[in-house]
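Student: Contents of target.pdb (PDB, C-alpha atoms, pLDDT in the B column) are given next:
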ATOM      1  CA  MET B 918     109.665 122.147 115.504  1.00 83.00           C
ATOM      2  CA  ALA B 919     107.958 119.241 113.741  1.00 88.00           C
ATOM      3  CA  VAL B 920     108.310 115.660 114.940  1.00 90.00           C
ATOM      4  CA  VAL B 921     110.498 113.574 112.624  1.00 92.00           C
ATOM      5  CA  TYR B 922     110.722 109.765 112.680  1.00 94.00           C
ATOM      6  CA  ASN B 923     113.590 107.770 111.201  1.00 96.00           C
ATOM      7  CA  THR B 924     112.805 105.668 108.115  1.00 97.00           C
ATOM      8  CA  THR B 925     113.075 102.333 109.927  1.00 97.00           C
ATOM      9  CA  LEU B 926     110.392 103.388 112.412  1.00 97.00           C
ATOM     10  CA  LYS B 927     108.205 104.800 109.608  1.00 97.00           C
ATOM     11  CA  ASN B 928     108.439 101.488 107.764  1.00 98.00           C
ATOM     12  CA  THR B 929     107.555  99.538 110.912  1.00 97.00           C
ATOM     13  CA  ARG B 930     104.515 101.708 111.581  1.00 97.00           C
ATOM     14  CA  MET B 931     103.274 101.530 107.982  1.00 97.00           C
ATOM     15  CA  THR B 932     103.835  97.739 107.899  1.00 97.00           C
ATOM     16  CA  ASP B 933     101.619  97.531 110.994  1.00 97.00           C
ATOM     17  CA  VAL B 934      98.935  99.360 108.984  1.00 97.00           C
ATOM     18  CA  VAL B 935      99.195  96.742 106.197  1.00 97.00           C
ATOM     19  CA  THR B 936      98.863  93.996 108.829  1.00 96.00           C
ATOM     20  CA  ALA B 937      95.797  95.695 110.336  1.00 96.00           C
ATOM     21  CA  ILE B 938      94.123  95.894 106.907  1.00 96.00           C
ATOM     22  CA  GLY B 939      94.655  92.169 106.450  1.00 93.00           C
ATOM     23  CA  ALA B 940      93.847  90.077 103.402  1.00 89.00           C
ATOM     24  CA  ALA B 941      90.260  91.330 103.080  1.00 89.00           C
ATOM     25  CA  GLY B 942      90.519  95.132 103.224  1.00 96.00           C
ATOM     26  CA  TYR B 943      88.439  97.630 101.275  1.00 98.00           C
ATOM     27  CA  ILE B 944      89.039 101.165 100.064  1.00 98.00           C
ATOM     28  CA  ASN B 945      85.752 103.026 100.481  1.00 98.00           C
ATOM     29  CA  ILE B 946      85.131 106.088  98.324  1.00 98.00           C
ATOM     30  CA  TYR B 947      82.782 108.780  99.676  1.00 98.00           C
ATOM     31  CA  SER B 948      81.203 112.006  98.453  1.00 98.00           C
ATOM     32  CA  ALA B 949      81.423 115.154 100.586  1.00 97.00           C
ATOM     33  CA  THR B 950      77.962 114.518 102.130  1.00 96.00           C
ATOM     34  CA  PRO B 951      79.340 111.681 102.969  1.00 96.00           C
ATOM     35  CA  THR B 952      77.588 109.083 100.845  1.00 98.00           C
ATOM     36  CA  LEU B 953      79.360 105.783 100.170  1.00 98.00           C
ATOM     37  CA  LEU B 954      79.958 105.766  96.416  1.00 98.00           C
ATOM     38  CA  ALA B 955      82.035 102.593  96.046  1.00 98.00           C
ATOM     39  CA  SER B 956      83.802  99.943  98.097  1.00 98.00           C
ATOM     40  CA  ILE B 957      86.825  98.534  96.266  1.00 98.00           C
ATOM     41  CA  ALA B 958      88.611  95.398  97.468  1.00 97.00           C
ATOM     42  CA  CYS B 959      92.324  95.650  98.190  1.00 96.00           C
ATOM     43  CA  ALA B 960      94.648  93.075  96.643  1.00 93.00           C
ATOM     44  CA  ALA B 961      93.795  89.616  98.021  1.00 86.00           C
ATOM     45  CA  THR B 962      97.193  88.545  99.335  1.00 86.00           C
ATOM     46  CA  THR B 963      98.416  91.808 100.847  1.00 90.00           C
ATOM     47  CA  ALA B 964      97.014  95.321 100.822  1.00 95.00           C
ATOM     48  CA  GLY B 965     100.350  96.859  99.950  1.00 97.00           C
ATOM     49  CA  THR B 966     104.086  97.173 100.369  1.00 97.00           C
ATOM     50  CA  VAL B 967     106.141  99.616 102.395  1.00 98.00           C
ATOM     51  CA  THR B 968     109.380 101.291 101.332  1.00 97.00           C
ATOM     52  CA  GLY B 969     110.891 104.539 102.527  1.00 97.00           C
ATOM     53  CA  GLY B 970     107.956 105.278 104.826  1.00 97.00           C
ATOM     54  CA  VAL B 971     105.439 104.983 101.983  1.00 98.00           C
ATOM     55  CA  LEU B 972     102.659 102.378 101.866  1.00 98.00           C
ATOM     56  CA  THR B 973     101.871 101.661  98.220  1.00 98.00           C
ATOM     57  CA  PHE B 974      98.685  99.679  97.651  1.00 98.00           C
ATOM     58  CA  SER B 975      99.169  96.503  95.607  1.00 97.00           C
ATOM     59  CA  GLY B 976      97.311  95.335  92.520  1.00 96.00           C
ATOM     60  CA  THR B 977      96.399  98.659  90.940  1.00 96.00           C
ATOM     61  CA  PRO B 978      94.370  99.235  88.991  1.00 97.00           C
ATOM     62  CA  LEU B 979      91.699  98.063  91.427  1.00 97.00           C
ATOM     63  CA  THR B 980      88.111  98.176  90.176  1.00 97.00           C
ATOM     64  CA  GLU B 981      84.623  97.939  91.647  1.00 97.00           C
ATOM     65  CA  ALA B 982      82.325  96.763  88.841  1.00 97.00           C
ATOM     66  CA  SER B 983      79.224  98.573  90.076  1.00 98.00           C
ATOM     67  CA  ALA B 984      79.245 101.797  92.135  1.00 98.00           C
ATOM     68  CA  ASN B 985      76.824 101.968  95.074  1.00 98.00           C
ATOM     69  CA  ALA B 986      75.691 105.554  94.381  1.00 98.00           C
ATOM     70  CA  SER B 987      76.271 108.567  92.157  1.00 98.00           C
ATOM     71  CA  GLY B 988      78.280 111.606  93.211  1.00 98.00           C
ATOM     72  CA  THR B 989      81.645 113.327  93.182  1.00 98.00           C
ATOM     73  CA  ALA B 990      84.378 111.443  95.048  1.00 98.00           C
ATOM     74  CA  ALA B 991      85.750 113.611  97.849  1.00 98.00           C
ATOM     75  CA  GLY B 992      87.394 111.302 100.391  1.00 98.00           C
ATOM     76  CA  ALA B 993      88.174 107.726 101.327  1.00 98.00           C
ATOM     77  CA  THR B 994      88.689 105.295 104.170  1.00 98.00           C
ATOM     78  CA  VAL B 995      90.244 101.852 104.395  1.00 98.00           C
ATOM     79  CA  SER B 996      88.314  99.277 106.401  1.00 97.00           C
ATOM     80  CA  THR B 997      88.314  95.556 107.118  1.00 96.00           C
ATOM     81  CA  ALA B 998      84.920  94.885 105.520  1.00 95.00           C
ATOM     82  CA  ILE B 999      82.953  95.875 102.426  1.00 94.00           C
ATOM     83  CA  ASN B1000      80.897  99.079 102.370  1.00 95.00           C
ATOM     84  CA  GLY B1001      82.869 100.675 105.201  1.00 93.00           C
ATOM     85  CA  GLY B1002      81.954  97.934 107.646  1.00 92.00           C
ATOM     86  CA  GLY B1003      84.303  96.253 110.073  1.00 94.00           C
ATOM     87  CA  THR B1004      87.085  98.310 111.580  1.00 96.00           C
ATOM     88  CA  VAL B1005      88.114 101.551 109.903  1.00 97.00           C
ATOM     89  CA  ILE B1006      91.911 101.332 109.692  1.00 96.00           C
ATOM     90  CA  ILE B1007      92.580 104.638 107.877  1.00 96.00           C
ATOM     91  CA  SER B1008      90.331 107.675 107.449  1.00 97.00           C
ATOM     92  CA  GLY B1009      90.768 111.144 106.005  1.00 97.00           C
ATOM     93  CA  LEU B1010      92.340 109.997 102.738  1.00 98.00           C
ATOM     94  CA  THR B1011      92.347 112.416  99.824  1.00 98.00           C
ATOM     95  CA  VAL B1012      90.813 111.377  96.494  1.00 98.00           C
ATOM     96  CA  GLY B1013      91.297 112.770  93.014  1.00 98.00           C
ATOM     97  CA  THR B1014      92.785 112.169  89.590  1.00 97.00           C
ATOM     98  CA  GLY B1015      96.301 113.431  90.338  1.00 94.00           C
ATOM     99  CA  ALA B1016      98.514 113.798  93.384  1.00 93.00           C
ATOM    100  CA  GLN B1017      96.128 112.489  96.064  1.00 97.00           C
ATOM    101  CA  ASP B1018      96.302 109.453  98.369  1.00 98.00           C
ATOM    102  CA  ILE B1019      93.746 107.586  96.245  1.00 98.00           C
ATOM    103  CA  VAL B1020      93.930 108.279  92.505  1.00 98.00           C
ATOM    104  CA  LEU B1021      90.791 107.473  90.521  1.00 98.00           C
ATOM    105  CA  SER B1022      90.292 107.293  86.780  1.00 97.00           C
ATOM    106  CA  SER B1023      87.462 109.809  87.355  1.00 98.00           C
ATOM    107  CA  THR B1024      86.003 111.509  90.439  1.00 98.00           C
ATOM    108  CA  ASN B1025      82.558 111.533  88.773  1.00 98.00           C
ATOM    109  CA  VAL B1026      81.005 108.303  90.058  1.00 98.00           C
ATOM    110  CA  VAL B1027      77.776 106.946  88.549  1.00 98.00           C
ATOM    111  CA  ALA B1028      75.701 104.299  90.340  1.00 98.00           C
ATOM    112  CA  GLY B1029      76.001 100.918  88.644  1.00 98.00           C
ATOM    113  CA  GLN B1030      79.102 101.918  86.670  1.00 98.00           C
ATOM    114  CA  PRO B1031      82.705 100.776  87.321  1.00 98.00           C
ATOM    115  CA  VAL B1032      84.990 102.768  89.644  1.00 98.00           C
ATOM    116  CA  THR B1033      88.743 102.322  89.185  1.00 98.00           C
ATOM    117  CA  ILE B1034      91.633 103.204  91.484  1.00 98.00           C
ATOM    118  CA  THR B1035      94.645 103.750  89.230  1.00 98.00           C
ATOM    119  CA  ALA B1036      97.128 104.315  92.093  1.00 98.00           C
ATOM    120  CA  ALA B1037      97.056 104.542  95.880  1.00 98.00           C
ATOM    121  CA  SER B1038      99.737 105.357  98.432  1.00 98.00           C
ATOM    122  CA  ILE B1039     100.081 106.874 101.882  1.00 97.00           C
ATOM    123  CA  THR B1040     103.235 108.618 103.068  1.00 96.00           C
ATOM    124  CA  HIS B1041     104.121 108.523 106.767  1.00 94.00           C
ATOM    125  CA  GLY B1042     104.469 112.040 108.147  1.00 85.00           C
TER     126      GLY B1042
END
Using the file provided, produce a representation of the structure as structure tokens.

Tutor:
Amino acid sequence: MAVVYNTTLKNTRMTDVVTAIGAAGYINIYSATPTLLASIACAATTAGTVTGGVLTFSGTPLTEASANASGTAAGATVSTAINGGGTVIISGLTVGTGAQDIVLSSTNVVAGQPVTITAASITHG
């Protein structure tokens, strides 16, 4: 039997994640190798909001003006500093152009070109 948390507890836990990200968090996009492709700043005032056990990142679309490297986006982390530095708060995020945790305008990333997150959310299990 799977573990099930009530919604109030889910919201509390996900709000703690927002607090841990802080006002200077970054969503880091990686290729499968893993090469850091882009590091995109979260919204400046708060990384996101929590409702119904879902953390929805604020301020989308979020854009990095110049990708670090070229490759196909395959995964993501959220950390407290640019380029994956600081403390990694969340790892193992899915990336794609549809029903993933981090939704990009394109998974084909080209060094020096913009990278845009069109939507981002994490659902508590």

Student: Evaluating the PyMOL selection byres ((chain B and resi 1030) around 10) on the displayed file yields which residues, as an NGL selection string?

Tutor: :B and (955 or 981-987 or 1026-1029 or 1031-1033)

Student: Those selected residues, please, written with C-alpha atoms and delivered as an mmCIF file, in the frame of the given file.

Tutor:
data_model
loop_
_atom_site.group_PDB
_atom_site.id
_atom_site.type_symbol
_atom_site.label_atom_id
_atom_site.label_comp_id
_atom_site.auth_asym_id
_atom_site.auth_seq_id
_atom_site.Cartn_x
_atom_site.Cartn_y
_atom_site.Cartn_z
ATOM 1 C CA ALA B 955 82.035 102.593 96.046
ATOM 2 C CA GLU B 981 84.623 97.939 91.647
ATOM 3 C CA ALA B 982 82.325 96.763 88.841
ATOM 4 C CA SER B 983 79.224 98.573 90.076
ATOM 5 C CA ALA B 984 79.245 101.797 92.135
ATOM 6 C CA ASN B 985 76.824 101.968 95.074
ATOM 7 C CA ALA B 986 75.691 105.554 94.381
ATOM 8 C CA SER B 987 76.271 108.567 92.157
ATOM 9 C CA VAL B 1026 81.005 108.303 90.058
ATOM 10 C CA VAL B 1027 77.776 106.946 88.549
ATOM 11 C CA ALA B 1028 75.701 104.299 90.340
ATOM 12 C CA GLY B 1029 76.001 100.918 88.644
ATOM 13 C CA PRO B 1031 82.705 100.776 87.321
ATOM 14 C CA VAL B 1032 84.990 102.768 89.644
ATOM 15 C CA THR B 1033 88.743 102.322 89.185
#

Student: On this structure, which residues satisfy the PyMOL selection byres ((chain B and resi 920-934) around 9), written as a ChimeraX atom specification?

Tutor: /B:918-919,935-939,965-972,1006-1007,1039-1042

Student: Exactly which residues make up the result of the PyMOL selection byres ((chain B and resi 1010-1017) around 7) on this file, given as a PDB file with C-alpha atoms, in the frame of the given file?

Tutor:
ATOM      1  CA  ALA B 990      84.378 111.443  95.048  1.00 98.00           C
ATOM      2  CA  ALA B 991      85.750 113.611  97.849  1.00 98.00           C
ATOM      3  CA  GLY B 992      87.394 111.302 100.391  1.00 98.00           C
ATOM      4  CA  ALA B 993      88.174 107.726 101.327  1.00 98.00           C
ATOM      5  CA  THR B 994      88.689 105.295 104.170  1.00 98.00           C
ATOM      6  CA  SER B1008      90.331 107.675 107.449  1.00 97.00           C
ATOM      7  CA  GLY B1009      90.768 111.144 106.005  1.00 97.00           C
ATOM      8  CA  ASP B1018      96.302 109.453  98.369  1.00 98.00           C
ATOM      9  CA  ILE B1019      93.746 107.586  96.245  1.00 98.00           C
ATOM     10  CA  VAL B1020      93.930 108.279  92.505  1.00 98.00           C
ATOM     11  CA  LEU B1021      90.791 107.473  90.521  1.00 98.00           C
ATOM     12  CA  SER B1022      90.292 107.293  86.780  1.00 97.00           C
ATOM     13  CA  SER B1023      87.462 109.809  87.355  1.00 98.00           C
ATOM     14  CA  THR B1024      86.003 111.509  90.439  1.00 98.00           C
TER      15      THR B1024
END

Student: Just want the 8 Å neighbourhood of B:Phe974, counted on all atoms listed in the file, with same-chain residues fewer than 3 positions away dropped. Output as a list in words.

Tutor: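 Residues meeting the cut-off are Cys959, Ala960, Ala964, Gly965, Thr966, Thr977, Ala1036, Ala1037 and Ser1038 of chain B.
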
Student: Between B:Val1005, B:Ile944, B:Leu954, B:Ile999, which is the closest to B:Asn1025 once you count only C-alpha atoms?

Tutor: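 Of all the options, B:Leu954 lies closest to B:Asn1025.
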
Student: For atom CA of B:Ser948 and atom CA of B:Thr1004, determine how far apart the two atoms are, in Å to one decimal place.

Tutor: 19.9 Å

Student: Please rebuild stretch 962-982 of chain B with N, CA and C atoms and return the result as a PDB file, keeping the file's coordinate frame.

Tutor:
ATOM      1  N   THR B 962      96.137  89.125  98.502  1.00 86.00           N
ATOM      2  CA  THR B 962      97.193  88.545  99.335  1.00 86.00           C
ATOM      3  C   THR B 962      97.763  89.533 100.338  1.00 86.00           C
ATOM      4  N   THR B 963      97.953  90.762  99.939  1.00 90.00           N
ATOM      5  CA  THR B 963      98.416  91.808 100.847  1.00 90.00           C
ATOM      6  C   THR B 963      97.947  93.156 100.325  1.00 90.00           C
ATOM      7  N   ALA B 964      97.547  94.022 101.229  1.00 95.00           N
ATOM      8  CA  ALA B 964      97.014  95.321 100.822  1.00 95.00           C
ATOM      9  C   ALA B 964      98.062  96.177 100.130  1.00 95.00           C
ATOM     10  N   GLY B 965      99.324  96.024 100.555  1.00 97.00           N
ATOM     11  CA  GLY B 965     100.350  96.859  99.950  1.00 97.00           C
ATOM     12  C   GLY B 965     101.741  96.536 100.455  1.00 97.00           C
ATOM     13  N   THR B 966     102.690  97.307  99.961  1.00 97.00           N
ATOM     14  CA  THR B 966     104.086  97.173 100.369  1.00 97.00           C
ATOM     15  C   THR B 966     104.570  98.498 100.923  1.00 97.00           C
ATOM     16  N   VAL B 967     105.619  98.418 101.750  1.00 98.00           N
ATOM     17  CA  VAL B 967     106.141  99.616 102.395  1.00 98.00           C
ATOM     18  C   VAL B 967     107.620  99.768 102.070  1.00 98.00           C
ATOM     19  N   THR B 968     107.987 100.937 101.597  1.00 97.00           N
ATOM     20  CA  THR B 968     109.380 101.291 101.332  1.00 97.00           C
ATOM     21  C   THR B 968     109.550 102.780 101.585  1.00 97.00           C
ATOM     22  N   GLY B 969     110.590 103.133 102.300  1.00 97.00           N
ATOM     23  CA  GLY B 969     110.891 104.539 102.527  1.00 97.00           C
ATOM     24  C   GLY B 969     109.795 105.305 103.233  1.00 97.00           C
ATOM     25  N   GLY B 970     109.033 104.619 104.098  1.00 97.00           N
ATOM     26  CA  GLY B 970     107.956 105.278 104.826  1.00 97.00           C
ATOM     27  C   GLY B 970     106.698 105.497 104.009  1.00 97.00           C
ATOM     28  N   VAL B 971     106.606 104.845 102.858  1.00 98.00           N
ATOM     29  CA  VAL B 971     105.439 104.983 101.983  1.00 98.00           C
ATOM     30  C   VAL B 971     104.768 103.627 101.822  1.00 98.00           C
ATOM     31  N   LEU B 972     103.470 103.569 102.113  1.00 98.00           N
ATOM     32  CA  LEU B 972     102.659 102.378 101.866  1.00 98.00           C
ATOM     33  C   LEU B 972     102.054 102.546 100.478  1.00 98.00           C
ATOM     34  N   THR B 973     102.422 101.649  99.568  1.00 98.00           N
ATOM     35  CA  THR B 973     101.871 101.661  98.220  1.00 98.00           C
ATOM     36  C   THR B 973     100.931 100.468  98.091  1.00 98.00           C
ATOM     37  N   PHE B 974      99.672 100.743  97.769  1.00 98.00           N
ATOM     38  CA  PHE B 974      98.685  99.679  97.651  1.00 98.00           C
ATOM     39  C   PHE B 974      98.999  98.802  96.445  1.00 98.00           C
ATOM     40  N   SER B 975      98.857  97.491  96.640  1.00 97.00           N
ATOM     41  CA  SER B 975      99.169  96.503  95.607  1.00 97.00           C
ATOM     42  C   SER B 975      98.001  96.307  94.654  1.00 97.00           C
ATOM     43  N   GLY B 976      98.331  95.795  93.449  1.00 96.00           N
ATOM     44  CA  GLY B 976      97.311  95.335  92.520  1.00 96.00           C
ATOM     45  C   GLY B 976      96.617  96.387  91.694  1.00 96.00           C
ATOM     46  N   THR B 977      97.077  97.635  91.744  1.00 96.00           N
ATOM     47  CA  THR B 977      96.399  98.659  90.940  1.00 96.00           C
ATOM     48  C   THR B 977      96.644  98.395  89.468  1.00 96.00           C
ATOM     49  N   PRO B 978      95.652  98.637  88.639  1.00 97.00           N
ATOM     50  CA  PRO B 978      94.370  99.235  88.991  1.00 97.00           C
ATOM     51  C   PRO B 978      93.449  98.257  89.725  1.00 97.00           C
ATOM     52  N   LEU B 979      92.708  98.810  90.672  1.00 97.00           N
ATOM     53  CA  LEU B 979      91.699  98.063  91.427  1.00 97.00           C
ATOM     54  C   LEU B 979      90.332  98.608  91.009  1.00 97.00           C
ATOM     55  N   THR B 980      89.397  97.725  90.708  1.00 97.00           N
ATOM     56  CA  THR B 980      88.111  98.176  90.176  1.00 97.00           C
ATOM     57  C   THR B 980      86.940  97.560  90.920  1.00 97.00           C
ATOM     58  N   GLU B 981      85.941  98.390  91.181  1.00 97.00           N
ATOM     59  CA  GLU B 981      84.623  97.939  91.647  1.00 97.00           C
ATOM     60  C   GLU B 981      83.730  97.984  90.417  1.00 97.00           C
ATOM     61  N   ALA B 982      83.103  96.865  90.073  1.00 97.00           N
ATOM     62  CA  ALA B 982      82.325  96.763  88.841  1.00 97.00           C
ATOM     63  C   ALA B 982      81.070  97.616  88.840  1.00 97.00           C
TER      64      ALA B 982
END
